[in-house]
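Printed here is upload_4.cif (mmCIF, C-alpha atoms):
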data_model
#
loop_
_atom_site.label_atom_id
_atom_site.label_comp_id
_atom_site.auth_asym_id
_atom_site.auth_seq_id
_atom_site.Cartn_x
_atom_site.Cartn_y
_atom_site.Cartn_z
CA MET L 4 0.45 9.61 15.18
CA ASN L 5 2.43 6.80 16.79
CA GLN L 6 -0.20 4.14 16.14
CA TYR L 7 2.01 1.27 15.00
CA ILE L 8 1.02 -1.94 13.34
CA ASP L 9 2.96 -5.17 13.41
CA MET L 10 4.66 -5.41 10.05
CA PRO L 11 8.07 -6.60 8.93
CA ARG L 12 10.63 -3.79 8.84
CA LEU L 13 12.19 -5.12 5.65
CA GLY L 14 10.09 -5.77 2.59
CA LEU L 15 10.48 -6.68 -1.04
CA GLY L 16 9.34 -3.98 -3.42
CA THR L 17 8.24 -5.45 -6.72
CA TRP L 18 8.27 -2.33 -8.90
CA GLN L 19 9.82 -3.20 -12.27
CA LEU L 20 9.54 -6.97 -11.72
CA THR L 21 7.46 -8.64 -14.41
CA ASP L 22 6.21 -12.04 -15.46
CA GLN L 23 8.39 -15.03 -14.51
CA GLN L 24 11.01 -12.77 -12.96
CA ALA L 25 8.38 -11.46 -10.52
CA ILE L 26 7.12 -14.95 -9.71
CA ASP L 27 10.60 -16.32 -9.08
CA THR L 28 11.87 -13.29 -7.17
CA VAL L 29 8.86 -13.18 -4.83
CA ALA L 30 8.95 -16.93 -4.18
CA LEU L 31 12.72 -16.93 -3.55
CA ALA L 32 12.61 -13.81 -1.36
CA ILE L 33 9.94 -15.40 0.83
CA GLN L 34 11.86 -18.66 1.01
CA MET L 35 14.92 -16.63 2.09
CA GLY L 36 12.99 -15.02 4.93
CA TYR L 37 11.29 -11.91 3.53
CA ARG L 38 7.77 -11.63 4.90
CA HIS L 39 6.63 -8.27 3.50
CA ILE L 40 5.83 -8.06 -0.20
CA ASP L 41 4.85 -4.71 -1.75
CA THR L 42 3.09 -4.45 -5.10
CA ALA L 43 0.57 -2.23 -6.90
CA PRO L 44 -1.70 -2.32 -9.95
CA ARG L 45 0.51 0.37 -11.47
CA TYR L 46 3.42 -2.10 -11.46
CA GLU L 47 1.36 -4.44 -13.68
CA ASN L 48 2.64 -7.48 -11.81
CA GLU L 49 0.03 -8.38 -9.20
CA ALA L 50 -0.88 -11.68 -10.88
CA ALA L 51 2.78 -12.71 -11.02
CA VAL L 52 3.31 -11.59 -7.42
CA GLY L 53 0.29 -13.69 -6.43
CA LEU L 54 1.82 -16.73 -8.11
CA GLY L 55 5.10 -16.07 -6.31
CA LEU L 56 3.25 -15.93 -3.00
CA GLN L 57 1.64 -19.28 -3.78
CA GLN L 58 4.86 -20.89 -5.02
CA SER L 59 6.85 -19.81 -1.95
CA GLY L 60 5.25 -22.56 0.11
CA VAL L 61 5.00 -20.23 3.12
CA ASN L 62 1.69 -20.02 4.97
CA ARG L 63 -0.26 -16.86 4.11
CA LYS L 64 -0.62 -16.02 7.80
CA GLU L 65 3.15 -15.49 7.95
CA LEU L 66 3.16 -12.93 5.13
CA PHE L 67 2.43 -9.21 5.03
CA VAL L 68 1.18 -8.10 1.61
CA THR L 69 0.77 -4.48 0.56
CA THR L 70 -0.96 -3.18 -2.55
CA LYS L 71 -2.19 0.22 -3.59
CA ILE L 72 -4.86 2.11 -5.51
CA TRP L 73 -3.61 4.43 -8.27
CA TYR L 74 -4.57 8.10 -8.13
CA VAL L 75 -6.83 8.02 -11.21
CA GLN L 76 -9.03 5.40 -9.51
CA LEU L 77 -9.92 7.31 -6.35
CA ALA L 78 -13.64 7.71 -7.00
CA PRO L 79 -15.44 5.34 -4.60
CA GLU L 80 -16.66 2.79 -7.15
CA ALA L 81 -13.35 2.81 -9.00
CA MET L 82 -11.57 2.18 -5.70
CA ARG L 83 -13.78 -0.82 -5.00
CA ARG L 84 -13.10 -2.21 -8.48
CA SER L 85 -9.36 -1.63 -8.11
CA ALA L 86 -9.21 -3.37 -4.73
CA ALA L 87 -11.33 -6.30 -5.96
CA THR L 88 -9.14 -6.71 -9.03
CA SER L 89 -5.98 -6.61 -6.91
CA LEU L 90 -7.32 -9.28 -4.56
CA ASP L 91 -8.31 -11.44 -7.52
CA LYS L 92 -4.91 -11.11 -9.20
CA LEU L 93 -3.04 -11.71 -5.96
CA GLN L 94 -5.29 -14.71 -5.22
CA LEU L 95 -5.95 -13.37 -1.72
CA ASP L 96 -9.09 -12.66 0.27
CA HIS L 97 -7.42 -9.65 1.93
CA VAL L 98 -4.20 -7.66 1.96
CA ASP L 99 -2.44 -6.61 5.11
CA LEU L 100 -2.10 -3.04 3.91
CA LEU L 101 -4.08 -1.12 1.28
CA LEU L 102 -2.77 2.32 0.35
CA ILE L 103 -3.78 5.21 -1.83
CA HIS L 104 -0.66 5.15 -4.01
CA TRP L 105 -0.50 8.88 -4.81
CA PRO L 106 -2.83 11.78 -4.09
CA ASN L 107 -4.92 12.84 -7.06
CA PRO L 108 -3.56 16.17 -8.38
CA ASP L 109 -7.03 17.17 -9.64
CA SER L 110 -8.30 20.03 -7.47
CA ALA L 111 -11.82 18.55 -7.72
CA TRP L 112 -10.67 15.32 -6.01
CA ASP L 113 -12.86 14.47 -3.02
CA MET L 114 -10.23 13.18 -0.60
CA ALA L 115 -12.83 12.56 2.11
CA ALA L 116 -14.84 10.25 -0.17
CA SER L 117 -11.68 8.33 -1.11
CA LEU L 118 -10.58 7.94 2.49
CA GLU L 119 -14.06 6.88 3.62
CA THR L 120 -14.11 4.28 0.83
CA LEU L 121 -10.70 3.05 1.94
CA LEU L 122 -12.07 2.68 5.46
CA THR L 123 -15.11 0.81 4.13
CA LEU L 124 -12.84 -1.61 2.27
CA LYS L 125 -11.04 -2.27 5.55
CA GLN L 126 -14.32 -2.76 7.39
CA GLN L 127 -15.39 -5.27 4.70
CA GLY L 128 -12.27 -7.29 5.47
CA TRP L 129 -10.45 -6.56 2.22
CA ALA L 130 -7.55 -4.95 4.11
CA LYS L 131 -6.31 -5.29 7.66
CA ASN L 132 -4.76 -1.81 7.58
CA ILE L 133 -5.14 1.27 5.40
CA GLY L 134 -3.05 4.28 4.65
CA VAL L 135 -1.60 6.65 2.12
CA ALA L 136 1.65 6.84 0.18
CA ASN L 137 3.52 9.78 -1.26
CA PHE L 138 1.34 12.43 0.41
CA PRO L 139 3.04 15.73 1.23
CA VAL L 140 2.60 17.07 4.75
CA ALA L 141 -0.35 19.35 3.90
CA LEU L 142 -2.36 16.48 2.38
CA LEU L 143 -1.30 14.12 5.13
CA GLN L 144 -2.63 16.62 7.68
CA GLN L 145 -5.93 16.79 5.75
CA ALA L 146 -6.15 13.00 5.62
CA TRP L 147 -5.42 12.79 9.34
CA GLY L 148 -8.16 15.35 9.93
CA ILE L 149 -10.63 13.15 8.05
CA LEU L 150 -9.79 9.70 9.42
CA GLY L 151 -7.40 10.32 12.30
CA GLU L 152 -5.93 7.18 13.82
CA LYS L 153 -7.73 4.98 11.32
CA ILE L 154 -4.92 5.84 8.89
CA LYS L 155 -2.12 3.66 10.15
CA ILE L 156 0.51 4.02 7.46
CA LYS L 157 2.20 6.75 5.50
CA GLN L 158 4.50 5.14 2.97
CA GLU L 159 7.25 7.32 1.61
CA GLY L 160 10.18 6.63 -0.65
CA SER L 161 13.31 6.55 1.43
CA ARG L 162 15.92 7.44 -1.13
CA ARG L 163 18.15 10.14 0.26
CA ALA L 164 17.08 12.69 -2.33
CA TRP L 165 13.43 12.18 -1.39
CA ARG L 166 13.85 12.80 2.32
CA ARG L 167 11.73 15.65 3.55
CA ARG L 168 12.39 16.82 7.10
CA ALA L 169 8.91 18.33 7.60
CA LEU L 170 7.26 15.08 6.52
CA PHE L 171 9.33 12.98 8.88
CA ASP L 172 8.77 15.44 11.74
CA PHE L 173 5.00 15.30 11.18
CA ALA L 174 4.98 11.52 10.98
CA GLN L 175 6.83 11.21 14.30
CA ARG L 176 4.01 12.92 16.22
#

In structure tokens, write the structure found in this file.
Amino acid sequence: MNQYIDMPRLGLGTWQLTDQQAIDTVALAIQMGYRHIDTAPRYENEAAVGLGLQQSGVNRKELFVTTKIWYVQLAPEAMRRSAATSLDKLQLDHVDLLLIHWPNPDSAWDMAASLETLLTLKQQGWAKNIGVANFPVALLQQAWGILGEKIKIKQEGSRRAWRRRALFDFAQR
């Protein structure tokens, strides 16, 4: 699974940043040297993050922007709407990384359809890279079985209490 992409190792997470605070924090962080900005529709700050990106004065080509699709929007058409809305709010024509934010806990969820839609969004140029976040090992193995190397990223919270040895072992393969 060691298919790496070129992304900054340190990024600014924007969870809990809102309105002017989000704009100012993103712009200042970029001016200070941050190049990876992470947001999501669930954070309800993508428009402010987009303004911060613009106000930073740094060329878009130097930035790595991540956004996500929330688990209740994983039906193919809902995913397309979510991605389009994110791009509009961020004032971008693409993101560098588009993730499924959380797996849908509904047993009727069609993971293959969601992952194929994610791949289609990448092929349309809406995302340079695609992946999943917060997937346990069993679901990550399923996702890998569906898309293989096309899934480049597995984002996981890194707080000590969240560390899961099996997950990290699997991701190192």

Problem set entry | Of the listed residues L:Ala130, L:Glu80, L:Phe138, L:Val61, that which approaches Gly36 of chain L most closely, counting all atoms listed in the file |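 Among L:Ala130, L:Glu80, L:Phe138, L:Val61, it is L:Val61 that comes nearest to Gly36 of chain L.
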
Problem set entry | Pick from L:Leu13, L:Val75, L:Leu56, L:Ala50 nearest to Asp91 of chain L, counting all atoms listed in the file | L:Ala50

Problem set entry | Option closest in space to Ser85 of chain L, from L:Ile149, L:Val29, L:Leu124, L:Met114 [counting only C-alpha atoms] |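 For Ser85 of chain L, the nearest of the given residues is L:Leu124.
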
Exercise. In Å, with one decimal, what is the gap from atom CA of Ala87 of chain L to atom CA of Leu31 of chain L?
Worked result: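 Answer for the atom CA of Ala87 of chain L to atom CA of Leu31 of chain L separation: 26.4 Å.
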
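Between Arg83 of chain L and the candidates L:Gln144, L:Ser59, L:Thr120, L:Asn137, the tightest atom-to-atom separation, counting all atoms listed in the file, involves L:Thr120.
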
Exercise. Separation of atom CA of Gln24 of chain L and atom CA of Tyr46 of chain L, in Å?
Worked result: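 Computing the Euclidean distance for atom CA of Gln24 of chain L and atom CA of Tyr46 of chain L yields 13.2 Å.
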
Exercise. For the file shown, what are the residues hit by the PyMOL selection byres ((chain L and resi 122) around 12), laid out as a ChimeraX atom specification?
Worked result: /L:79,82-83,100-103,115-121,123-135,146,149-155

Exercise. Contacts of segment 105-107 of chain L at 10 Å or less, counting only C-alpha atoms, minus same-chain residues fewer than 4 places along, as a ChimeraX atom specification?
Worked result: /L:71-77,111-114,117,135-139,142-143,158

Exercise. Do you have the atom CA of Glu49 of chain L-atom CA of Ser89 of chain L distance handy?
Worked result: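 Here the two named atoms are 6.7 Å from each other.
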
Just say which residues the PyMOL selection byres ((chain L and resi 18) around 10) picks in this file, as a PDB file with C-alpha atoms, keeping the file's coordinate frame.
ATOM      1  CA  LEU L  15      10.480  -6.680  -1.040  1.00  0.00           C
ATOM      2  CA  GLY L  16       9.340  -3.980  -3.420  1.00  0.00           C
ATOM      3  CA  THR L  17       8.240  -5.450  -6.720  1.00  0.00           C
ATOM      4  CA  GLN L  19       9.820  -3.200 -12.270  1.00  0.00           C
ATOM      5  CA  LEU L  20       9.540  -6.970 -11.720  1.00  0.00           C
ATOM      6  CA  THR L  21       7.460  -8.640 -14.410  1.00  0.00           C
ATOM      7  CA  ALA L  25       8.380 -11.460 -10.520  1.00  0.00           C
ATOM      8  CA  ASP L  41       4.850  -4.710  -1.750  1.00  0.00           C
ATOM      9  CA  THR L  42       3.090  -4.450  -5.100  1.00  0.00           C
ATOM     10  CA  ALA L  43       0.570  -2.230  -6.900  1.00  0.00           C
ATOM     11  CA  ARG L  45       0.510   0.370 -11.470  1.00  0.00           C
ATOM     12  CA  TYR L  46       3.420  -2.100 -11.460  1.00  0.00           C
ATOM     13  CA  GLU L  47       1.360  -4.440 -13.680  1.00  0.00           C
ATOM     14  CA  ASN L  48       2.640  -7.480 -11.810  1.00  0.00           C
TER      15      ASN L  48
END

Please expand the PyMOL selection byres ((chain L and resi 12) around 12) into the concrete residues it hits in this file, giving the result as an mmCIF file with C-alpha atoms, in the coordinates of the input.
data_model
loop_
_atom_site.group_PDB
_atom_site.id
_atom_site.type_symbol
_atom_site.label_atom_id
_atom_site.label_comp_id
_atom_site.auth_asym_id
_atom_site.auth_seq_id
_atom_site.Cartn_x
_atom_site.Cartn_y
_atom_site.Cartn_z
ATOM 1 C CA TYR L 7 2.010 1.270 15.000
ATOM 2 C CA ILE L 8 1.020 -1.940 13.340
ATOM 3 C CA ASP L 9 2.960 -5.170 13.410
ATOM 4 C CA MET L 10 4.660 -5.410 10.050
ATOM 5 C CA PRO L 11 8.070 -6.600 8.930
ATOM 6 C CA LEU L 13 12.190 -5.120 5.650
ATOM 7 C CA GLY L 14 10.090 -5.770 2.590
ATOM 8 C CA LEU L 15 10.480 -6.680 -1.040
ATOM 9 C CA TYR L 37 11.290 -11.910 3.530
ATOM 10 C CA ARG L 38 7.770 -11.630 4.900
ATOM 11 C CA HIS L 39 6.630 -8.270 3.500
ATOM 12 C CA ILE L 40 5.830 -8.060 -0.200
ATOM 13 C CA PHE L 67 2.430 -9.210 5.030
#

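Minimum atom-to-atom distances from L:Leu66, L:Leu93, L:Ala81, L:Ala86 to Ile33 of chain L were compared using only C-alpha atoms, and the lowest value belongs to L:Leu66.
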
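Closest approach to Asn62 of chain L among L:Gln34, L:Thr88, L:Asp22, L:His97 is made by L:Gln34 (distances from only C-alpha atoms).
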
Subset file as a CSV table (one decimal), in the first residue's frame: segment 97-108 of chain L, all heavy atoms:
chain,number,residue,atom,x,y,z
L,97,HIS,N,-10.5,22.4,-8.4
L,97,HIS,CA,-10.1,21.0,-7.9
L,97,HIS,C,-9.6,21.1,-6.5
L,97,HIS,O,-9.1,22.2,-6.1
L,97,HIS,CB,-9.1,20.4,-8.8
L,97,HIS,CG,-7.7,20.9,-8.7
L,97,HIS,ND1,-7.3,22.1,-9.3
L,97,HIS,CD2,-6.7,20.5,-7.9
L,97,HIS,CE1,-6.1,22.3,-9.0
L,97,HIS,NE2,-5.6,21.4,-8.1
L,98,VAL,N,-9.6,20.0,-5.8
L,98,VAL,CA,-8.9,19.9,-4.5
L,98,VAL,C,-7.8,18.9,-4.8
L,98,VAL,O,-7.8,18.1,-5.7
L,98,VAL,CB,-9.8,19.4,-3.4
L,98,VAL,CG1,-10.8,20.5,-3.0
L,98,VAL,CG2,-10.5,18.1,-3.7
L,99,ASP,N,-6.8,18.9,-3.9
L,99,ASP,CA,-5.7,18.0,-4.0
L,99,ASP,C,-6.0,16.6,-3.5
L,99,ASP,O,-5.4,15.6,-3.9
L,99,ASP,CB,-4.4,18.6,-3.4
L,99,ASP,CG,-4.1,19.9,-4.0
L,99,ASP,OD1,-3.5,19.9,-5.1
L,99,ASP,OD2,-4.5,21.0,-3.5
L,100,LEU,N,-6.9,16.6,-2.5
L,100,LEU,CA,-7.4,15.4,-1.9
L,100,LEU,C,-8.8,15.4,-1.6
L,100,LEU,O,-9.3,16.3,-0.9
L,100,LEU,CB,-6.5,15.1,-0.7
L,100,LEU,CG,-6.8,13.8,0.1
L,100,LEU,CD1,-6.7,12.6,-0.7
L,100,LEU,CD2,-5.9,13.8,1.3
L,101,LEU,N,-9.6,14.4,-2.0
L,101,LEU,CA,-11.0,14.3,-1.7
L,101,LEU,C,-11.2,13.0,-1.0
L,101,LEU,O,-10.8,11.9,-1.6
L,101,LEU,CB,-11.9,14.4,-3.0
L,101,LEU,CG,-13.4,14.3,-2.8
L,101,LEU,CD1,-13.9,15.5,-2.0
L,101,LEU,CD2,-14.1,14.2,-4.2
L,102,LEU,N,-11.7,13.0,0.2
L,102,LEU,CA,-11.9,11.9,1.0
L,102,LEU,C,-13.4,11.6,1.3
L,102,LEU,O,-14.2,12.5,1.5
L,102,LEU,CB,-11.2,12.1,2.4
L,102,LEU,CG,-9.7,12.3,2.4
L,102,LEU,CD1,-9.3,12.7,3.8
L,102,LEU,CD2,-9.0,11.1,1.9
L,103,ILE,N,-13.7,10.3,1.5
L,103,ILE,CA,-14.9,9.9,2.2
L,103,ILE,C,-14.6,10.1,3.7
L,103,ILE,O,-13.7,9.5,4.2
L,103,ILE,CB,-15.3,8.5,1.9
L,103,ILE,CG1,-15.8,8.4,0.4
L,103,ILE,CG2,-16.5,8.0,2.8
L,103,ILE,CD1,-16.1,6.9,0.0
L,104,HIS,N,-15.3,11.0,4.3
L,104,HIS,CA,-15.0,11.5,5.7
L,104,HIS,C,-15.2,10.4,6.7
L,104,HIS,O,-14.3,10.2,7.6
L,104,HIS,CB,-15.9,12.7,6.1
L,104,HIS,CG,-15.4,13.5,7.2
L,104,HIS,ND1,-15.7,14.8,7.3
L,104,HIS,CD2,-14.5,13.2,8.2
L,104,HIS,CE1,-15.1,15.3,8.4
L,104,HIS,NE2,-14.4,14.4,8.9
L,105,TRP,N,-16.2,9.6,6.6
L,105,TRP,CA,-16.5,8.5,7.5
L,105,TRP,C,-17.2,7.4,6.7
L,105,TRP,O,-18.0,7.8,5.9
L,105,TRP,CB,-17.4,8.9,8.7
L,105,TRP,CG,-16.7,9.7,9.8
L,105,TRP,CD1,-16.6,11.1,9.8
L,105,TRP,CD2,-16.1,9.2,10.9
L,105,TRP,NE1,-15.9,11.4,11.0
L,105,TRP,CE2,-15.6,10.3,11.7
L,105,TRP,CE3,-15.8,7.9,11.5
L,105,TRP,CZ2,-14.9,10.2,12.9
L,105,TRP,CZ3,-15.2,7.8,12.7
L,105,TRP,CH2,-14.7,8.9,13.4
L,106,PRO,N,-17.1,6.2,7.1
L,106,PRO,CA,-17.9,5.1,6.4
L,106,PRO,C,-19.3,5.3,6.9
L,106,PRO,O,-19.6,5.7,8.0
L,106,PRO,CB,-17.2,3.8,6.8
L,106,PRO,CG,-16.5,4.1,8.1
L,106,PRO,CD,-16.1,5.6,8.0
L,107,ASN,N,-20.2,5.0,6.0
L,107,ASN,CA,-21.7,5.0,6.3
L,107,ASN,C,-22.0,3.8,7.2
L,107,ASN,O,-21.7,2.6,6.8
L,107,ASN,CB,-22.5,5.0,5.1
L,107,ASN,CG,-24.0,5.3,5.4
L,107,ASN,OD1,-24.5,4.9,6.4
L,107,ASN,ND2,-24.6,6.0,4.5
L,108,PRO,N,-22.5,4.0,8.4
L,108,PRO,CA,-22.8,2.8,9.3
L,108,PRO,C,-24.0,2.0,8.8
L,108,PRO,O,-24.3,0.9,9.3
L,108,PRO,CB,-23.1,3.4,10.6
L,108,PRO,CG,-23.6,4.8,10.3
L,108,PRO,CD,-22.9,5.2,9.0
